[in-house]
Structures are given as C-alpha cells and as structure tokens.
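Below is one structure, written out as structure tokens; the observations come after it.
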Amino acid sequence: MILGIDVGGTFTDFCLLDDAGQVSIHKLLTSARDQSVAILQGITDLEAGPETTVVHGATVATNALLERRGARTALVTTGGFGDVLEIGRQTRSELYALRPSRPAPLVPAGWRFELPERVDQHGTVLVPLDTKAIDAVVQQLLAEGIESAAVCFLFSFANPDHEQYVRERIRALGGESAPLVSLSSEVLPEYREFERASTTVINAYVAPLMSRYLANLEEGLEGRRLRIMQSNGGAISADAARTLAARTALSGPAGGVVGSFELARLAGLENIITFDMGGTSTDVSLCPGRIQETTEGTIAGLPLRLPIIDIHTVGAGGGSIARLDAGGALRVGPESAGSDPGPVCYGRDDALDITVTDANLVLGRLDADHFLGGRMSLDLERAQARMQDLARQLSLPLEAAAWGVMRVANSNMERAIRTISIERGHDPRDFALVAFGGAGPLHACELAAALRIPRVLIPPHPGVLSALGMVLADAVKDTSQTVMLPAREADGATLRRLFALLYERARAELITEGFGDDEIAFLPALDMRYAGQSYELRVDVNLEAETEEHASAFHELHRQRFSYASEEEPVEIVNLRVKAVGRTAKPSFSHQPPGSLHPKAAQVGHKPVHFADREPPHAARPVPTALYDRARLEPGNMVVGPAVLFQLDTTIIIPPDWSATVDGWGNLLAEQ
C-alpha cells in the first residue's frame with residue numbers, strides 16, 4: 001500500500017492506494033504546533049498497516065524559510081568571497097521603489113568564514129587549501145554553536161576536493177557535536193557562484209530542522225517506509241531528504257500538478273492550467289502538453305536554483321483574511337487564519353477575522369451541515385455577525401460585503417492565472433482549468449468565465465488531489481554538471497561519456513532505494529546558449545543523435561521562445577542534466593460507460609444561493625439552486641446550473657448558464 005499525505009495550512013489530506021489499486025481518502029485539521037499529530041492520527045484512522053509506504057509532502061523547509069526560523073548556519077567560502085550573499089545580482093524586485101530593500105542573508109556577516117584556496121574553471125588547483133586555517137575556522141564554528149555549515153568554494157563543481165576535505169575536518173574535530181555540512185559540489189554542482197552559494201545556504205539552513213522532523217515522524221511511523229515529495233514532482237527517500245532538504249521546499253504544490261496532469265491526460269485533455277486553492281494560498285501552473293520545470297525559482301525572496309515544477313503562488317485561500325487597508329479599500333490575504341484559530345465559522349472563540357470561507361458560507365455556497373462530508377458543522381450565525389461588522393465599515397448590506405470579499409479573492413487568483421498564461425504568450429482559451437484543493441471547485445467556474453477558459457475539469461477527489469499526486473509520483477533523482485563545452489566539440493561519443501558519469505550516480509541512488517534496473521529510466525537534457533549569452537535554454541536530447549541535431553533543436557527552441565534564432569552564431573553547452581526516474585506502483589483507474597443523463601437520484605434538495613447578476617453592476621442576488629450529493633452521481637449524468645454539489649473533501653459550485661457532465665473516469669467536466 002502507498003499513502004500520500006499533504007500537510008496544508010488548514011487541512012492535512014490523505015490518499016491511500018491499497019494492494020488492489022483502490023483509493024481511499026481522508027481529511028483532518030492540520031495540527032499546527034506538531035504536524036505529525038494529525039499525520040499519525042490519519043494513518044490510524046485509515047488503518048494503514050506496517051507494510052505501507054508513506055509519501056509525504058513536507059512543509060518544514062518552506063515554513064522555516066518564510067518565518068526565518070532555520071538553524072544557526074555558517075558559510076565557508078573562498079577568500080575574498082564572504083560577502084557573495086550580500087552582493088547578489090544587480091536586480092531589483094521593485095524597480096520603482098524609492099527605498100528598495102532585499103531580504104537579509106540567511107547567514108549574518110559574523111558567521112561567514114573565508115579560507116585561502118583557489119581552483120580555476122578547469123579544476124586546476126591554483127592556491128592549495130590551508131589546513132591550519134581550516135582547523136581555526138572549525139574551532140570558531142564550534143565556539144559559536146553553529147548547527148549547520150554551507151561550504152561553497154569557487155569552481156568546486158569542477159574539482160570538489162577542497163570542499164570534501166573541509167567536511168572531513170569539521171566532522172573530525174567536531175565529533176558528535178559537529179555541525180551538519182552541505183557542500184555546493186553536491187547540492188548544486190553548477191556555475192554562477194551567487195546562486196550556488198544561496199542554494200547551498202538554503203539547504204544548510206533547513207537541513208537540521210528537516211532531520212529532526214523526519215526522525216520524530218519515523219519514530220511514530222513504527223517501521224513504515226517513508227519517502228518525501230520533492231519540488232520537481234518526484235519523491236526521494238527520507239535519508240536523501242535529510243541531506244538535500246532544499247529539494248522539498250515546494251513539495252505540496254508539486255504533488256497537485258502531478259496528480260491533476262495525470263487525471264487530465266486520462267480524460268483526454270493535454271493543455272491544462274492547474275488551479276489549486278487551499279486554505280492559505282492558491283497555486284497555479286500552466287501545462288502545455290507537459291509539466292513545465294524551471295531552475296529559476298525563489299522562495300522568501302532568496303534564489304533557489306534547483307529543478308522545481310513551474311508554479312506561481314498567491315496568498316489567496318479559503319482562510320485568507322478580509323480587512324480594510326489604510327485607505328479604506330477592501331483587501332483579502334495574504335494573511336491567513338490557517339487551522340488555528342481558523343475561519344470564524346469554525347467556531348473557535350479566538351477566531352475573529354472574516355475569511356473567504358466565511359463569505360462563501362454567508363452567500364450560501366457552503367452549507368453549514370454538509371461541510372467535510374457532514375463531519376464538521378459550521379457556525380453560520382457567528383459568520384454572519386462578524387461579516388455584518390465588515391459590512392458596516394463598508395456601508396454595504398451583509399450579502400454585498402460577502403460578495404465583495406469573494407470578488408477581491410477571485411481577482412487575486414485571476415491575476416495569478418494571467419501571469420502564467422497571457423503574460424507568457426499563451427491564450428487561456430486554448431486550455432482547460434483543472435480545479436482542486438479544498439476551495440478550488442468553489443471558485444473555478446467563475447474564474448474560468450472571467451478568463452474565457454472554455455471548460456473546467458473537477459477530479460473525483462479534488463480536495464485531496466495533492467495527496468493523490470504523491471501516490472502517483474515516481475522516485476526522481478535530478479543530477480547536473482557544468483561542462484562549458486562548445487557544441488561543435490560535443491560529438492555523440494563525448495556526450496555519452498560525460499552523461500555516463502551522471503547516469504551512474506543517479507542509478508546508484510535509485511538502486512539503494514530498492515529499484516531494479518528495469519524500473520529505472522533516464523531523461524538527459526542540455527542547458528545550451530549562444531556564446532556570450534547570460535542564460536540558457538534546456539534542450540531534451542537523444543544521445544544517439546549527431547551534434548548538429550542538438551544545435552538545431554536549440555535554434556528552434558530559441559526561435560519559439562524569443563521569435564528569432566542566430567544559426568550562424570556558435571552554440572555552447574553549459575550544463576548536462578539527467579532526470580533518473582524510478583517507476584512506482586500506480587492506482588488502477590477504471591473507465592465506466594455512460595448511463596442516464598438525468599441525476600435525479602443524486603439530488604438532495606434546494607436552497608437560495610447568491611450568484612452574480614447578469615446586468616451591471618453584477619451584484620450578487622439569491623437564486624434558487626439545486627443541491628446534489630456527488631457520491632451518487634454516475635457517468636453520463638449532467639448537472640445544470642445553478643447547482644451546489646457536496647462531497648467529503650470539497651464543495652462544488654456550478655453557476656447559472658453552466659452545466660457539468662460526469663465522464664467515465666468520474667470527473668466533472670463543466671462548460672458554459
């Protein structure tokens with residue numbers, strides 16, 4: 001059995017794949033102070049036996065970076081480069097800010113140590129490492145109580161010997177109290193010293209927290225095998241996650257993209273926009289026939305140059321707090337009520353801030369008696385009372401204030417989808433919107449209408465789709481190496497020889513995780529650019545092809561991205577990349593033939609629900625709305641809006657002028 005667990009800001013989601021290929025789901029409020037409490041309770045509730053493999057989307061690294069509560073971290077680097085984190089790049093996140101500011105480095109100046117050593121770009125030692133200086137630095141690390149050390153020397157990707165020796169001395173002199181050590185030649189063996197140093201420091205900053213968290217969790221798992229979801233959409237062992245903790249920084253959202261892409265593919269949809277609205281944030285990703293990756297990520301304003309699924313996040317979720325700013329304008333998010341105290345309607349005495357969830361309840365879109373499959377009752381009167389306070393501040397009726405909260409939240413999410421589609425040259429009308437997360441199906445159809453997206457796909461279990469994505473995730477090892485090789489010199493034999501080293505490294509790691517050679521696949525790629533350019537494009541390669549084919553593929557990709565190609569210019573191979581994939585067991589999704597068009601057996605009543613009026617100013621008005629139990633729907637059934645559908649993990653809104661059909665895979669396909 002495989003159990004996927006996604007820890008969100010409000011709920012912890014579970015998706016269990018049993019040995020027969022069947023899926024069971026579960027949902028619990030996140031235990032904010034100790035996430036493992038809800039995790040272990042869910043395992044008990046699902047009766048997941050000791051043979052179960054647990055795949056977990058951990059938020060430890062993300063939270064530590066956002067809240068700046070990581071380990072006491074030092075940086076050991078080449079003499080003269082101790083301020084690399086401070087200097088960074090000549091880029092400004094706010095171009096027109098009169099007083100621009102950047103996040104402070106994770107390592108303060110007093111904990112940055114320089115060592116006399118120098119290696120050139122070919123790996124040749126120019127200045128030998130001073131062993132006496134190393135010992136003096138190690139003593140300082142121990143005296144300062146440093147928990148983790150990032151070691152990043154110039155050109156260590158070409159020759160890692162100096163970094164490895166420093167680690168040996170730290171371990172030898174520190175003994176049991178030695179700091180954890182992260183080497184840039186292992187975390188990111190690529191050129192660009194600032195990004196390499198930043199990524200290595202991020203890894204060192206979160207590694208001790210991740211190590212302690214995993215140790216505590218493994219004790220509670222009582223022998224169950226544990227894998228951790230990565231930001232690239234694949235999983236790694238718990239031991240690997242301890243060493244490469246930075247690779248888990250965006251693991252939860254990555255699981256959602258993996259799950260939604262697979263279900264959309266089964267439904268015959270290749271071009272999709274994933275829309276994951278949870279309790280704290282909304283994550284969107286554009287998939288033009290494939291899941292897109294990038295290595296140009298940032299987290300908490302810090303460069304993180306590791307393979308991650310290309311996801312854009314905004315602070316808009318069900319728990320996002322509504323408030324008036326200094327100018328009296330209504331704002332929603334990015335602050336969230338989370339699970340503690342949660343939205344006002346959850347009933348906690350200390351929950352005082354109105355949220356998007358409260359607005360949905362006041363407008364009738366959520367039902368007090370059907371939340372979480374009826375296992376959790378919502379306090380409508382309390383939500384109305386607090387919403388009335390906001391309405392008085394806005395000089396609006398109660399429902400108009402709630403509708404305002406909805407519209408502001410929707411505009412934030414609409415802007416996020418425009419960022420990943422229109423601003424990157426993609427027409428949203430060519431895509432389907434895949435809605436998931438606990439709150440996604442509540443907002444998806446109206447967002448799609450605003451963006452003229454023609455159809456919305458709502459999976460069978462949208463509220464736990466990220467956990468399902470973790471069940472679907474293969475084990476993935478990303479390896480890379482800077483080579484700085486002119487493309488004309490990279491014949492087939494040369495590339496096969498260079499890639500063989502990366503293949504063997506990745507293969508050995510997957511073998512240790514229990515995969516056989518017949519379960520491992522390798523996906524090679526090249527980072528290429530025109531000589532003199534600053535940034536590269538990734539080109540998937542066939543190692544049996546000739547050099548000219550790789551260059552031609554680069555020219556074509558450059559033309560597609562930038563509308564031109566300079567085929568007479570020399571091309572340079574900057575990095576080699578290998579994605580090694582260990583295939584895991586998958587659920588057996590079954591396709592059912594369509595039946596009756598009419599879903600009468602699923603209808604459970606009617607009530608008034610607020611929707612936008614067709615005429616300006618498009619204020620909300622109550623509309624008689626049919627209520628359905630989604631579990632009773634069958635393939636072929638058509639639900640005509642306005643309608644509200646209840647299920648354990650979410651509530652679905654089908655607005656007026658929309659209809660939704662159940663396909664053979666159990667998805668709802670909504671169209672206007």
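Chain identifiers are assigned as A, B, and so on, following the order in which chains appear in the structure tokens; residues are numbered from 1 within each chain, and ligands are numbered from 1 in order of appearance.
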> Which residues come within 6 Å of Glu190 of chain A, counting only C-alpha atoms, excluding same-chain residues fewer than 4 positions away, as a VMD selection string?
Replying inline: chain A and resid 157 481 to 482
Saved selection, atoms kept: all heavy atoms, as an mmCIF file, in the first residue's frame:
data_model
loop_
_atom_site.group_PDB
_atom_site.id
_atom_site.type_symbol
_atom_site.label_atom_id
_atom_site.label_comp_id
_atom_site.auth_asym_id
_atom_site.auth_seq_id
_atom_site.Cartn_x
_atom_site.Cartn_y
_atom_site.Cartn_z
ATOM 1 N N PHE A 157 32.490 22.879 -8.587
ATOM 2 C CA PHE A 157 31.812 21.928 -9.462
ATOM 3 C C PHE A 157 32.800 21.231 -10.398
ATOM 4 O O PHE A 157 32.544 20.132 -10.870
ATOM 5 C CB PHE A 157 30.714 22.624 -10.284
ATOM 6 C CG PHE A 157 31.211 23.773 -11.132
ATOM 7 C CD1 PHE A 157 31.786 23.556 -12.366
ATOM 8 C CD2 PHE A 157 31.089 25.078 -10.679
ATOM 9 C CE1 PHE A 157 32.237 24.620 -13.141
ATOM 10 C CE2 PHE A 157 31.541 26.142 -11.442
ATOM 11 C CZ PHE A 157 32.126 25.920 -12.686
ATOM 12 N N GLN A 481 25.698 18.808 -14.053
ATOM 13 C CA GLN A 481 27.134 19.088 -14.023
ATOM 14 C C GLN A 481 27.446 20.165 -15.045
ATOM 15 O O GLN A 481 27.042 20.074 -16.212
ATOM 16 C CB GLN A 481 27.940 17.832 -14.362
ATOM 17 C CG GLN A 481 29.459 18.017 -14.301
ATOM 18 C CD GLN A 481 29.961 18.303 -12.884
ATOM 19 O OE1 GLN A 481 29.637 17.553 -11.959
ATOM 20 N NE2 GLN A 481 30.730 19.362 -12.720
ATOM 21 N N THR A 482 28.144 21.211 -14.618
ATOM 22 C CA THR A 482 28.601 22.239 -15.545
ATOM 23 C C THR A 482 29.777 21.715 -16.362
ATOM 24 O O THR A 482 30.712 21.123 -15.806
ATOM 25 C CB THR A 482 29.019 23.507 -14.783
ATOM 26 O OG1 THR A 482 27.854 24.095 -14.188
ATOM 27 C CG2 THR A 482 29.669 24.523 -15.705
#
> Where in segment 379-432 of chain A does DSSP assign helix (DSSP H, G or I), given as a count of residues only?
Replying inline: 44
> Using only C-alpha atoms, which of A:Leu361, A:Val604, A:Leu154, A:Leu465 sits nearest Thr12 of chain A?
Replying inline: A:Leu465
>> So that I can see what lies close to Leu226 of chain A, please list as a list in words the residues with an atom at most 7 Å from it, counting only C-alpha atoms and leaving out residues fewer than 2 positions away in the same chain.
In response: Thr53, Val54, Val55, Arg224, Ile228, Ser237 and Ala238 of chain A
> Hey, can you check how far atom CA of Ala601 of chain A sits from atom CA of Arg632 of chain A?
Replying inline: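 Atom CA of Arg632 of chain A lies at a distance of 6.8 Å from atom CA of Ala601 of chain A.
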